[in-house]
Each structure stands twice: as C-alpha cells, then as structure tokens.
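Colleague: Input protein_0.cif, format and content: mmCIF, C-alpha atoms (C1' of nucleotides).
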data_my_file
#
loop_
_atom_site.label_atom_id
_atom_site.label_comp_id
_atom_site.auth_asym_id
_atom_site.auth_seq_id
_atom_site.Cartn_x
_atom_site.Cartn_y
_atom_site.Cartn_z
CA MET A 1337 5.72 6.97 -2.91
CA LYS A 1338 5.33 8.79 0.31
CA GLN A 1339 7.36 11.71 1.53
CA THR A 1340 5.29 12.88 4.46
CA ALA A 1341 6.56 10.91 7.41
CA PRO A 1342 8.83 8.04 8.36
CA ALA A 1343 6.63 7.74 11.46
CA SER A 1344 9.29 7.33 14.12
CA ASP A 1345 7.91 9.30 17.02
CA ASP A 1346 9.89 10.33 20.00
CA GLY A 1347 6.78 9.24 21.86
CA LEU A 1348 5.75 12.63 23.13
CA LYS A 1349 2.00 12.77 22.94
CA LEU A 1350 0.85 16.32 23.52
CA SER A 1351 -2.38 15.45 25.29
CA ALA A 1352 -0.55 13.21 27.74
CA TRP A 1353 2.42 15.46 28.32
CA LEU A 1354 2.29 16.79 31.86
CA PRO A 1355 3.26 20.42 31.12
CA TYR A 1356 0.61 20.65 28.44
CA ARG A 1357 -2.05 19.19 30.69
CA LEU A 1358 -1.25 21.70 33.42
CA PHE A 1359 -1.24 24.50 30.90
CA LEU A 1360 -4.57 23.42 29.51
CA VAL A 1361 -6.38 23.47 32.82
CA ALA A 1362 -4.78 26.77 33.79
CA ALA A 1363 -5.59 28.38 30.45
CA GLN A 1364 -9.17 27.21 30.25
CA VAL A 1365 -9.90 28.30 33.74
CA ALA A 1366 -8.18 31.66 33.35
CA ARG A 1367 -10.09 32.64 30.23
CA PRO A 1368 -13.48 33.44 31.76
CA LEU A 1369 -11.84 35.26 34.63
CA GLU A 1370 -9.72 37.34 32.26
CA ARG A 1371 -12.76 38.18 30.24
CA PHE A 1372 -14.50 39.31 33.38
CA TYR A 1373 -11.87 41.64 34.72
CA GLY A 1374 -10.98 42.81 31.24
CA GLU A 1375 -14.51 43.81 30.32
CA THR A 1376 -15.48 45.07 33.74
CA PHE A 1377 -12.40 46.99 34.82
CA GLY A 1378 -10.12 47.13 31.79
CA LEU A 1379 -7.56 45.18 33.74
CA SER A 1380 -4.83 43.09 32.13
CA GLN A 1381 -3.56 39.77 33.39
CA ALA A 1382 -0.50 41.40 34.90
CA GLY A 1383 -2.72 44.04 36.48
CA TRP A 1384 -4.87 41.40 38.12
CA ARG A 1385 -1.93 39.49 39.51
CA ILE A 1386 -0.37 42.62 40.94
CA LEU A 1387 -3.70 43.64 42.41
CA ALA A 1388 -3.96 40.25 44.09
CA VAL A 1389 -0.48 40.63 45.52
CA ILE A 1390 -0.96 44.10 46.95
CA ALA A 1391 -4.32 43.01 48.33
CA GLU A 1392 -2.63 40.57 50.65
CA ARG A 1393 0.31 42.74 51.69
CA ASP A 1394 -0.04 46.23 53.08
CA ALA A 1395 2.54 47.67 50.75
CA ALA A 1396 4.96 46.20 48.27
CA ASN A 1397 7.76 47.49 46.12
CA ALA A 1398 8.20 46.46 42.53
CA SER A 1399 10.76 43.76 43.30
CA GLU A 1400 8.54 42.05 45.80
CA ILE A 1401 5.74 42.12 43.27
CA ARG A 1402 8.01 40.79 40.58
CA ARG A 1403 8.94 37.81 42.71
CA ALA A 1404 5.41 37.12 43.88
CA CYS A 1405 3.91 37.31 40.40
CA ALA A 1406 6.64 35.77 38.28
CA LEU A 1407 6.60 38.88 36.08
CA ASP A 1408 9.53 40.74 34.60
CA PRO A 1409 10.25 44.30 35.80
CA PHE A 1410 8.77 45.84 32.65
CA ALA A 1411 5.48 44.09 33.10
CA VAL A 1412 5.41 45.07 36.75
CA SER A 1413 6.05 48.69 35.95
CA ARG A 1414 3.32 48.72 33.33
CA GLY A 1415 0.93 46.82 35.53
CA ILE A 1416 1.40 49.27 38.37
CA GLY A 1417 0.93 52.08 35.89
CA GLN A 1418 -2.36 50.57 34.83
CA LEU A 1419 -3.53 50.09 38.39
CA THR A 1420 -2.72 53.67 39.37
CA GLU A 1421 -4.50 54.98 36.27
CA LEU A 1422 -7.55 52.98 37.22
CA GLY A 1423 -7.29 54.31 40.74
CA PHE A 1424 -6.74 50.84 42.15
CA ALA A 1425 -3.29 51.49 43.58
CA VAL A 1426 -1.10 54.34 44.73
CA ARG A 1427 2.65 54.71 44.58
CA ARG A 1428 4.51 56.50 47.32
CA SER A 1429 8.27 56.75 47.14
CA GLY A 1430 9.84 54.86 50.02
CA LYS A 1431 11.10 56.51 53.18
CA SER A 1432 14.66 55.25 53.46
CA ASP A 1433 15.65 54.26 49.93
CA ARG A 1434 13.74 56.28 47.40
CA ARG A 1435 14.54 53.97 44.53
CA PHE A 1436 11.94 51.63 45.96
CA ALA A 1437 8.45 53.00 45.67
CA ALA A 1438 5.87 51.40 47.92
CA VAL A 1439 2.70 50.41 46.14
CA SER A 1440 -0.51 49.94 48.04
CA ILE A 1441 -4.04 49.09 47.15
CA THR A 1442 -6.79 51.67 47.37
CA ARG A 1443 -10.32 51.35 48.57
CA SER A 1444 -11.72 50.93 45.08
CA GLY A 1445 -8.86 48.62 44.19
CA ARG A 1446 -9.90 46.39 47.02
CA ALA A 1447 -13.50 46.53 45.93
CA ALA A 1448 -12.48 45.40 42.45
CA PHE A 1449 -10.24 42.74 43.90
CA ASN A 1450 -13.05 41.36 45.99
CA ARG A 1451 -15.33 41.03 43.03
CA ILE A 1452 -12.69 39.30 40.96
CA ALA A 1453 -11.63 37.11 43.84
CA ALA A 1454 -15.21 35.96 44.31
CA LEU A 1455 -15.18 34.56 40.78
CA GLY A 1456 -11.70 33.17 41.31
CA SER A 1457 -12.82 31.35 44.39
CA ALA A 1458 -15.85 30.01 42.61
CA ILE A 1459 -13.55 28.55 39.97
CA GLU A 1460 -11.30 26.97 42.53
CA THR A 1461 -14.29 25.54 44.36
CA ARG A 1462 -15.60 23.95 41.22
CA LEU A 1463 -12.23 22.42 40.46
CA LEU A 1464 -11.72 21.12 43.97
CA ALA A 1465 -15.21 19.66 44.00
CA ARG A 1466 -13.98 17.13 41.46
CA LEU A 1467 -11.34 15.83 43.86
CA SER A 1468 -11.55 13.77 46.99
CA GLU A 1469 -10.09 15.09 50.20
CA SER A 1470 -7.05 12.87 49.96
CA GLU A 1471 -6.51 13.86 46.35
CA ARG A 1472 -6.53 17.49 47.38
CA VAL A 1473 -3.86 16.84 49.96
CA THR A 1474 -1.73 14.90 47.52
CA LEU A 1475 -2.15 17.50 44.80
CA ASP A 1476 -1.19 20.26 47.19
CA SER A 1477 2.04 18.65 48.25
CA ALA A 1478 2.88 17.46 44.75
CA LEU A 1479 2.33 20.94 43.35
CA THR A 1480 4.64 22.41 45.93
CA ARG A 1481 7.44 20.20 44.71
CA LEU A 1482 6.57 20.80 41.07
CA GLU A 1483 6.75 24.54 41.69
CA GLY A 1484 10.22 24.16 43.06
CA GLU A 1485 11.42 21.97 40.25
CA SER A 1486 9.85 24.13 37.55
CA ALA A 1487 11.57 27.19 38.97
CA ARG A 1488 14.90 25.37 38.69
CA ILE A 1489 14.13 24.24 35.15
CA ASP A 1490 13.28 27.79 34.19
CA ALA A 1491 16.41 29.17 35.79
CA GLY A 1492 18.62 26.61 34.07
CA GLY A 1493 17.50 27.42 30.53
CA TRP A 1494 17.26 24.97 27.67
CA ARG A 1495 20.96 24.21 27.35
CA ALA A 1496 20.91 22.59 30.76
CA LEU A 1497 17.94 20.50 29.66
CA ARG A 1498 19.67 19.31 26.53
CA ASP A 1499 22.52 18.07 28.68
CA ASP A 1500 19.99 16.19 30.82
CA ALA A 1501 18.66 14.42 27.77
CA GLY A 1502 20.96 12.56 25.41
CA THR A 1503 22.41 15.78 23.90
CA PRO A 1504 20.43 15.94 20.64
CA MET B 1434 -5.35 58.85 58.75
CA LYS B 1435 -5.06 56.01 56.33
CA GLN B 1436 -6.79 55.73 53.01
CA THR B 1437 -4.99 52.80 51.50
CA ALA B 1438 -6.97 49.80 52.65
CA PRO B 1439 -9.82 48.72 54.88
CA ALA B 1440 -8.07 45.33 54.94
CA SER B 1441 -11.04 43.04 54.48
CA ASP B 1442 -9.73 40.36 52.15
CA ASP B 1443 -11.87 37.94 50.31
CA GLY B 1444 -9.21 35.47 51.36
CA LEU B 1445 -7.88 34.67 47.93
CA LYS B 1446 -4.15 34.32 48.26
CA LEU B 1447 -2.59 34.25 44.82
CA SER B 1448 0.23 31.88 45.69
CA ALA B 1449 -2.20 29.36 47.17
CA TRP B 1450 -4.84 29.66 44.50
CA LEU B 1451 -4.97 26.43 42.52
CA PRO B 1452 -5.31 27.96 39.04
CA TYR B 1453 -2.34 30.21 39.65
CA ARG B 1454 -0.22 27.35 40.94
CA LEU B 1455 -0.99 25.28 37.86
CA PHE B 1456 -0.28 28.24 35.64
CA LEU B 1457 3.01 28.93 37.36
CA VAL B 1458 4.39 25.45 36.86
CA ALA B 1459 3.19 25.35 33.26
CA ALA B 1460 4.60 28.78 32.46
CA GLN B 1461 7.98 28.26 34.07
CA VAL B 1462 8.45 24.97 32.39
CA ALA B 1463 7.29 26.21 29.01
CA ARG B 1464 9.65 29.15 28.91
CA PRO B 1465 12.93 27.34 28.25
CA LEU B 1466 11.25 25.11 25.70
CA GLU B 1467 9.75 28.09 23.90
CA ARG B 1468 13.10 29.77 23.85
CA PHE B 1469 14.62 26.69 22.34
CA TYR B 1470 12.21 26.18 19.49
CA GLY B 1471 11.92 29.91 18.94
CA GLU B 1472 15.65 30.50 18.60
CA THR B 1473 16.41 27.27 16.81
CA PHE B 1474 13.56 26.99 14.33
CA GLY B 1475 11.68 30.27 14.50
CA LEU B 1476 8.65 28.37 15.70
CA SER B 1477 5.84 29.96 17.70
CA GLN B 1478 3.94 28.31 20.52
CA ALA B 1479 1.01 27.55 18.25
CA GLY B 1480 3.42 26.18 15.66
CA TRP B 1481 4.95 23.81 18.17
CA ARG B 1482 1.61 22.54 19.37
CA ILE B 1483 0.39 21.91 15.87
CA LEU B 1484 3.65 20.20 15.00
CA ALA B 1485 3.20 17.93 18.00
CA VAL B 1486 -0.31 17.07 16.90
CA ILE B 1487 0.53 16.24 13.31
CA ALA B 1488 3.51 14.24 14.51
CA GLU B 1489 1.21 11.78 16.22
CA ARG B 1490 -1.45 11.55 13.50
CA ASP B 1491 -0.71 10.78 9.90
CA ALA B 1492 -2.77 13.66 8.62
CA ALA B 1493 -5.09 16.14 10.23
CA ASN B 1494 -7.42 18.85 9.03
CA ALA B 1495 -7.63 22.22 10.68
CA SER B 1496 -10.63 21.32 12.83
CA GLU B 1497 -8.98 18.28 14.30
CA ILE B 1498 -5.94 20.38 15.09
CA ARG B 1499 -8.09 23.06 16.63
CA ARG B 1500 -9.69 20.58 18.98
CA ALA B 1501 -6.45 18.85 19.86
CA CYS B 1502 -4.55 22.08 20.56
CA ALA B 1503 -7.24 24.25 22.12
CA LEU B 1504 -6.49 26.93 19.54
CA ASP B 1505 -8.95 29.10 17.63
CA PRO B 1506 -9.25 28.64 13.84
CA PHE B 1507 -7.21 31.77 13.13
CA ALA B 1508 -4.28 30.60 15.17
CA VAL B 1509 -4.46 27.19 13.55
CA SER B 1510 -4.45 28.68 10.10
CA ARG B 1511 -1.48 30.88 10.88
CA GLY B 1512 0.35 28.10 12.65
CA ILE B 1513 -0.07 25.82 9.67
CA GLY B 1514 1.11 28.66 7.47
CA GLN B 1515 4.22 29.00 9.58
CA LEU B 1516 4.91 25.29 9.49
CA THR B 1517 4.55 25.08 5.73
CA GLU B 1518 6.83 28.09 5.29
CA LEU B 1519 9.42 26.39 7.43
CA GLY B 1520 8.99 23.24 5.41
CA PHE B 1521 7.77 21.34 8.46
CA ALA B 1522 4.31 20.53 7.10
CA VAL B 1523 2.48 20.23 3.81
CA ARG B 1524 -1.13 20.96 3.00
CA ARG B 1525 -2.95 18.85 0.46
CA SER B 1526 -6.56 19.56 -0.26
CA GLY B 1527 -8.71 16.63 0.81
CA LYS B 1528 -9.93 13.97 -1.55
CA SER B 1529 -13.67 13.91 -0.92
CA ASP B 1530 -14.42 17.31 0.58
CA ARG B 1531 -11.95 19.89 -0.59
CA ARG B 1532 -12.84 22.40 2.07
CA PHE B 1533 -10.85 20.26 4.44
CA ALA B 1534 -7.17 20.36 3.65
CA ALA B 1535 -5.15 17.53 5.11
CA VAL B 1536 -2.01 18.67 6.86
CA SER B 1537 0.87 16.26 7.35
CA ILE B 1538 4.29 16.51 8.81
CA THR B 1539 7.35 16.37 6.60
CA ARG B 1540 10.66 14.65 7.13
CA SER B 1541 12.35 17.79 8.41
CA GLY B 1542 9.29 18.63 10.45
CA ARG B 1543 9.63 15.33 12.18
CA ALA B 1544 13.32 15.92 12.73
CA ALA B 1545 12.54 19.23 14.39
CA PHE B 1546 9.76 17.67 16.40
CA ASN B 1547 12.07 14.97 17.67
CA ARG B 1548 14.61 17.49 18.87
CA ILE B 1549 11.98 19.57 20.63
CA ALA B 1550 10.27 16.50 22.05
CA ALA B 1551 13.56 15.34 23.51
CA LEU B 1552 13.74 18.51 25.57
CA GLY B 1553 10.06 18.24 26.39
CA SER B 1554 10.52 14.73 27.68
CA ALA B 1555 13.51 15.81 29.72
CA ILE B 1556 11.34 18.44 31.35
CA GLU B 1557 8.60 15.97 32.11
CA THR B 1558 11.09 13.50 33.49
CA ARG B 1559 12.53 16.06 35.84
CA LEU B 1560 9.08 17.01 37.06
CA LEU B 1561 7.97 13.44 37.57
CA ALA B 1562 11.17 12.63 39.39
CA ARG B 1563 9.89 14.81 42.21
CA LEU B 1564 6.82 12.63 42.67
CA SER B 1565 6.33 9.17 44.07
CA GLU B 1566 4.72 6.50 41.96
CA SER B 1567 1.43 6.78 43.81
CA GLU B 1568 1.50 10.55 43.51
CA ARG B 1569 1.91 10.20 39.76
CA VAL B 1570 -1.10 7.96 39.56
CA THR B 1571 -3.19 10.30 41.67
CA LEU B 1572 -2.05 13.36 39.74
CA ASP B 1573 -2.89 11.68 36.46
CA SER B 1574 -6.42 10.82 37.43
CA ALA B 1575 -6.99 14.12 39.19
CA LEU B 1576 -5.79 16.05 36.17
CA THR B 1577 -8.16 14.14 33.94
CA ARG B 1578 -11.08 15.32 36.00
CA LEU B 1579 -9.70 18.85 36.26
CA GLU B 1580 -9.41 18.96 32.47
CA GLY B 1581 -13.04 18.06 32.15
CA GLU B 1582 -14.20 20.57 34.71
CA SER B 1583 -12.03 23.37 33.35
CA ALA B 1584 -13.44 22.79 29.88
CA ARG B 1585 -16.93 23.19 31.32
CA ILE B 1586 -15.93 26.32 33.21
CA ASP B 1587 -14.45 27.80 30.07
CA ALA B 1588 -17.53 26.94 28.04
CA GLY B 1589 -19.86 28.48 30.61
CA GLY B 1590 -18.21 31.90 30.70
CA TRP B 1591 -17.98 34.20 33.70
CA ARG B 1592 -21.67 34.91 34.05
CA ALA B 1593 -22.29 31.30 34.95
CA LEU B 1594 -19.53 31.55 37.55
CA ARG B 1595 -21.02 34.63 39.12
CA ASP B 1596 -24.25 32.72 39.58
CA ASP B 1597 -22.30 29.94 41.29
CA ALA B 1598 -20.87 32.37 43.80
CA GLY B 1599 -23.11 34.68 45.80
CA THR B 1600 -23.90 36.94 42.78
CA PRO B 1601 -21.51 39.83 43.51
"C1'" DG C 400 -29.34 21.82 -12.93
"C1'" DC C 401 -28.59 26.24 -10.40
"C1'" DG C 402 -29.16 29.87 -7.24
"C1'" DA C 403 -29.36 30.35 -2.11
"C1'" DT C 404 -27.41 29.19 1.98
"C1'" DA C 405 -24.07 26.90 5.01
"C1'" DT C 406 -19.40 25.46 6.19
"C1'" DG C 407 -14.35 25.41 6.61
"C1'" DC C 408 -10.69 28.04 6.26
"C1'" DT C 409 -7.86 32.23 5.22
"C1'" DT C 410 -6.57 37.13 4.92
"C1'" DG C 411 -6.23 41.95 6.08
"C1'" DC C 412 -6.20 45.33 9.47
"C1'" DA C 413 -6.50 47.52 13.79
"C1'" DC C 414 -5.28 46.79 18.40
"C1'" DT C 415 -2.58 44.87 22.20
"C1'" DT C 416 1.22 42.83 24.25
"C1'" DT C 417 6.23 41.89 24.58
"C1'" DG C 418 11.15 42.27 24.40
"C1'" DC C 419 14.85 45.07 24.68
"C1'" DA C 420 17.83 49.37 24.54
"C1'" DA C 421 18.28 53.45 26.46
"C1'" DT C 422 17.11 56.65 30.33
"C1'" DT C 423 16.18 58.50 34.86
"C1'" DA C 424 16.73 58.59 39.64
"C1'" DT C 425 18.87 57.24 43.63
"C1'" DA C 426 22.34 55.07 46.35
"C1'" DT C 427 27.09 53.46 47.49
"C1'" DG C 428 32.08 52.83 47.16
"C1'" DT C 429 36.75 55.18 46.60
"C1'" DA D 388 32.91 64.53 43.97
"C1'" DC D 389 33.14 61.17 40.72
"C1'" DA D 390 32.51 56.47 39.03
"C1'" DT D 391 29.80 52.51 39.40
"C1'" DA D 392 25.75 49.87 40.82
"C1'" DT D 393 20.83 49.21 41.39
"C1'" DA D 394 15.59 50.02 40.85
"C1'" DA D 395 12.37 51.41 37.97
"C1'" DT D 396 10.57 53.52 33.77
"C1'" DT D 397 9.94 54.82 28.94
"C1'" DG D 398 10.02 54.47 23.87
"C1'" DC D 399 9.83 51.86 20.03
"C1'" DA D 400 9.97 47.94 17.00
"C1'" DA D 401 8.43 43.24 16.56
"C1'" DA D 402 5.30 39.74 17.47
"C1'" DG D 403 0.90 38.17 18.63
"C1'" DT D 404 -4.43 38.51 18.80
"C1'" DG D 405 -9.21 39.37 17.76
"C1'" DC D 406 -12.43 40.11 14.54
"C1'" DA D 407 -14.80 41.49 10.04
"C1'" DA D 408 -14.79 40.32 5.68
"C1'" DG D 409 -13.55 37.17 1.89
"C1'" DC D 410 -12.83 32.91 -0.79
"C1'" DA D 411 -13.61 28.20 -1.97
"C1'" DT D 412 -16.38 24.35 -1.66
"C1'" DA D 413 -20.40 21.76 -0.54
"C1'" DT D 414 -25.34 21.01 0.21
"C1'" DC D 415 -30.19 22.15 0.08
"C1'" DG D 416 -34.55 23.51 -2.13
"C1'" DC D 417 -36.73 24.06 -6.08
#
Is it possible to give me this structure as structure tokens?
Modeller:
Amino acid sequence: MKQTAPASDDGLKLSAWLPYRLFLVAAQVARPLERFYGETFGLSQAGWRILAVIAERDAANASEIRRACALDPFAVSRGIGQLTELGFAVRRSGKSDRRFAAVSITRSGRAAFNRIAALGSAIETRLLARLSESERVTLDSALTRLEGESARIDAGGWRALRDDAGTP
Amino acid sequence: MKQTAPASDDGLKLSAWLPYRLFLVAAQVARPLERFYGETFGLSQAGWRILAVIAERDAANASEIRRACALDPFAVSRGIGQLTELGFAVRRSGKSDRRFAAVSITRSGRAAFNRIAALGSAIETRLLARLSESERVTLDSALTRLEGESARIDAGGWRALRDDAGTP
DNA sequence: GCGATATGCTTGCACTTTGCAATTATATGT
DNA sequence: ACATATAATTGCAAAGTGCAAGCATATCGC
C-alpha cells in the first residue's frame, strides 16, 4: 500500500527549468561579491546596486534609481540612507521640484565602487571566458529579449499566466 | 567647486553586466510565481524548490535536496518542516541508516506541485517563445557551462577573485 | 561490547530584511 | 486657499537568515 505519490508529473524538472537555471548562475555568482562588499563596507545588495547606478550617472533621483535597479521605493529610500550614512552618497534636494532629491556619489563612494566593480568584472570575465565569441553575441541578444518578456510577465502577475496556461 | 565625483569609472555598467542581467530576468519571472504559491498555499521559495525536487524523485534525504536546490541544511530542514506541516510531504526515517530521513511527496503535495508547475511552464514557454530554435540550443549549452563556472566562482570565494583581477 | 568521535539533521535565538500603513513634504488643479 | 496628487520616508510587525548548540544515530578504536 503506498500513499506517497501517484507519480504523474507535470514534467517540470527544476534543474532544467530555464528560470531556475538563470537564478542559479546569478545567485552563485552574486554570493562571493555580496560577501565582499558586505564584509568590507557593510553594504547591502540594494546599496551596491544603487551605488552602481549613481556611479554611472552624475545625479539621480529616487525614481530613476528605482527603475534602473528594479527596486521598490522603500528599498531605494533605505539604500540611499545606507549610502549616505557610509559617506558614499549625498542627497541634495532638487532645484525646481523639491520632492525629487538628487543623489550623487561621493569620492569615497566611487573608490568603494571601483573596488567592488573590479571583482564584478573579474566574475564577468570568468563567465564569458567559457563562451565562444558567437555565443556571447547570441546570449547578449537573447538576454535582451528575455529581459523584455520577463518585465511583461512580472507586470502581468500570476492571474495572467494562469490564463495563458490551461486555467488550472 | 565640485566634490561629488572625479568621474573615473571602472566601466562596469550595471544594466550591461552579465550577472545582473541574469538576475533581473530570474527575479522578474520568479516574482509572480512566488506570489502565487505564497498566497495560495503559504509556501516559501525554499518550500517550492524542495517540493519540485521531491516531485521528480520518489524519495530524497536532506542532503540530496540540499545539493539539488542549492540550499543550506538549515533552509532544507525548515523547508521540509513547512511541507510536512502543509501536508505536502512526509518524513520517514530511513531503513538502514536512520540519520537519513527519506522525504517523499504526498498526494496533495503533488496536486499543489502540478498547479505551480503549470504556471512555471507557462512562464518558460513565454520566455522561450522569444527565442529562435538555434538560440535555444545555444542558450542551453552556454548555460550549462555558466552553471559550472559559477559553481566554481562561488566555491572559491571573493579572495580568489581578487587574485584574478589586478589585486585591488 | 562500549566509550569516543564523527555525521546528519534540527532547534533556538539574535539579527536582518521585507512588506505595508501611515506620514511628511511638496506640487498642482479649482 | 483648499483639496487632491505625487515623491519619498518612517515605524513596526512579519518573515527570513545565519549560526551556535543540541539531539539522534552510526562508526571507530580498544
């Protein structure tokens, strides 16, 4: 007598499921970097992403950061708070509309960014070294489309997905 | 006089940085699914992953799950606890070595899994629809190598990475 | 045998992160 | 000037995480 499983899989195998595979690579690769900036600077993941964004713009308000980092407004606010506490960013209330505060990176923020980015680049280099030139090109263009589609999937929520499938 | 930035980037642009791009797709796509199984079954991310793993084996011990899910032993233990509380899995202490408890999925666990997997497959289908057949093949083989390399990067820790780069 | 040590897993507890309601500050429409 | 809208922040409860210590079982050395 067995009551554990009728064994009628839907056929989703975790290790072969594209979203999981992407997640796995991203997570494994992010872990050492997170450890580094966590231990060295006391920076959180959100903090690092925001730092990276303000390093490549000359000033950004919270909404721009939110869009660029895929973070919610709360996380952005807290991340900016963390960065200013660490002395890595400064807030100056905007000139025209003072609801938007401009955030910019400081000298020491940039120094920290550069050290983190060096590790980040090393990671990317090691990953890319495993791919041929044509694979890199293909991956780049494929990822661009996947980014677009994933944004739509996210925006639609799960109800939209259920309607895609055979309405379980 | 400006004190905000010497503007000497290391050239890491977040939105073009491979790990971030992978993360972004994975995160955006995972969010609706997480919402679904969270709201519907009260399942956590770890719970879902473990459920997926025991759905494709007939029984698994905690170590096998840990390897298959890239979770630490604590998370596995708690995830199994959650699944048994929900009635989605049962633990039976192993026959030969009773330190290893065999975990198997139950009938209702499989029912839940099938509903979640249906959404998961819908997501994957929508993503793959954006790619040509040859892109899918390339992505598959590229991802396999990236998985291997990312596991090595993770295992090596950040000190090994620093030595890769120009020792910052 | 049987104590010492190793292994697999679990629990408790402090700490961190997250989600959300409520709040503040500013701007805009009437 | 007052109501409403928008951007950002804060406070707090809930959930998640990391780690030390603990429990159960197995294996080794004698």
Colleague: Would you kindly identify which residues have an atom no farther than 7 Å from (-0.6, 38.1, 44.4), using only C-alpha atoms (C1' of nucleotides) and the file's own coordinates, and write them out as a list of chain:residue names?
Modeller: A:Arg1385, A:Ile1386, A:Leu1387, A:Ala1388, A:Val1389, A:Ile1390, A:Ala1404, A:Cys1405, B:Lys1446, B:Leu1447, B:Ser1448
Colleague: Counting only C-alpha atoms (C1' of nucleotides), a student should be able to say which residues of chain D come within 10 Å of chain A; what is the right answer, written as a VMD selection string?
Modeller: chain D and resid 393 to 397
Colleague: Taking only C-alpha atoms into account, which of B:Ser1477, B:Gln1515, B:Ser1526, B:Ser1541 comes nearest chain A?
Modeller: B:Ser1541
Colleague: Kindly resolve the PyMOL selection byres ((chain C and resi 427) around 8) on the present coordinates and return the residues as a PyMOL selection string.
Modeller: (chain C and resi 426+428) or (chain D and resi 392)
Colleague: Residues of chain B no more than 6 Å from chain A, counting all atoms listed in the file: send them over as number ranges by chain.
Modeller: B: 1437-1438, 1443, 1452, 1455-1456, 1458-1459, 1461-1462, 1465, 1538-1540, 1547, 1555, 1580, 1583, 1587, 1590-1591, 1598
Colleague: Looking at B:Glu1566, B:Ala1508, B:Lys1528, B:Leu1476, which one is nearest to chain C, with distances taken over only C-alpha atoms (C1' of nucleotides)?
Modeller: B:Ala1508
Colleague: Identify the residues around (-7.6, 41.5, 1.3) within a radius of 8 Å, measuring from only C-alpha atoms (C1' of nucleotides) in the coordinates stated by the file, and give them as a ChimeraX atom specification.
Modeller: /C:410-411 /D:409
Colleague: So how far away is atom C1' of C:DT404 from atom C1' of D:DC415, in Å?
Modeller: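 Those two atoms sit 7.8 Å apart.
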Colleague: From the block I gave, I'd like stretch 1531-1538 of chain B written with all heavy atoms, as a tab-separated table (two decimals), in the first residue's frame.
Modeller:
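Final output, saved to part.tsv:
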chain	number	residue	atom	x	y	z
B	1531	ARG	N	19.45	5.48	10.06
B	1531	ARG	CA	18.31	6.29	10.47
B	1531	ARG	C	18.65	7.75	10.73
B	1531	ARG	O	17.82	8.50	11.22
B	1531	ARG	CB	17.63	5.67	11.68
B	1531	ARG	CG	16.79	4.46	11.25
B	1531	ARG	CD	15.69	4.16	12.24
B	1531	ARG	NE	16.22	4.07	13.59
B	1531	ARG	CZ	15.89	3.10	14.44
B	1531	ARG	NH1	15.08	2.14	14.07
B	1531	ARG	NH2	16.36	3.10	15.65
B	1532	ARG	N	19.90	8.13	10.40
B	1532	ARG	CA	20.18	9.56	10.44
B	1532	ARG	C	19.59	10.22	9.19
B	1532	ARG	O	19.29	11.40	9.19
B	1532	ARG	CB	21.70	9.81	10.46
B	1532	ARG	CG	22.33	9.50	11.78
B	1532	ARG	CD	23.83	9.57	11.67
B	1532	ARG	NE	24.31	8.73	10.57
B	1532	ARG	CZ	25.60	8.61	10.26
B	1532	ARG	NH1	26.51	9.28	10.93
B	1532	ARG	NH2	25.97	7.82	9.28
B	1533	PHE	N	19.48	9.46	8.15
B	1533	PHE	CA	18.91	9.98	6.91
B	1533	PHE	C	17.41	9.71	6.89
B	1533	PHE	O	17.00	8.55	6.84
B	1533	PHE	CB	19.51	9.30	5.69
B	1533	PHE	CG	20.98	9.45	5.56
B	1533	PHE	CD1	21.85	8.64	6.29
B	1533	PHE	CD2	21.52	10.42	4.73
B	1533	PHE	CE1	23.21	8.78	6.18
B	1533	PHE	CE2	22.89	10.56	4.61
B	1533	PHE	CZ	23.74	9.74	5.34
B	1534	ALA	N	16.62	10.74	6.95
B	1534	ALA	CA	15.18	10.54	6.83
B	1534	ALA	C	14.80	10.71	5.37
B	1534	ALA	O	15.22	11.66	4.71
B	1534	ALA	CB	14.44	11.54	7.71
B	1535	ALA	N	14.01	9.79	4.88
B	1535	ALA	CA	13.56	9.90	3.50
B	1535	ALA	C	12.32	10.78	3.44
B	1535	ALA	O	11.38	10.60	4.21
B	1535	ALA	CB	13.24	8.52	2.94
B	1536	VAL	N	12.35	11.75	2.55
B	1536	VAL	CA	11.23	12.65	2.40
B	1536	VAL	C	10.53	12.32	1.10
B	1536	VAL	O	11.18	12.22	0.06
B	1536	VAL	CB	11.71	14.11	2.36
B	1536	VAL	CG1	10.54	15.05	2.16
B	1536	VAL	CG2	12.48	14.45	3.62
B	1537	SER	N	9.22	12.15	1.14
B	1537	SER	CA	8.51	11.95	-0.13
B	1537	SER	C	7.28	12.84	-0.21
B	1537	SER	O	6.74	13.28	0.80
B	1537	SER	CB	8.13	10.49	-0.35
B	1537	SER	OG	8.40	9.70	0.76
B	1538	ILE	N	6.88	13.06	-1.42
B	1538	ILE	CA	5.76	13.95	-1.67
B	1538	ILE	C	4.46	13.19	-1.43
B	1538	ILE	O	4.39	11.98	-1.63
B	1538	ILE	CB	5.84	14.49	-3.12
B	1538	ILE	CG1	4.93	15.70	-3.30
B	1538	ILE	CG2	5.50	13.39	-4.13
B	1538	ILE	CD1	5.23	16.47	-4.58
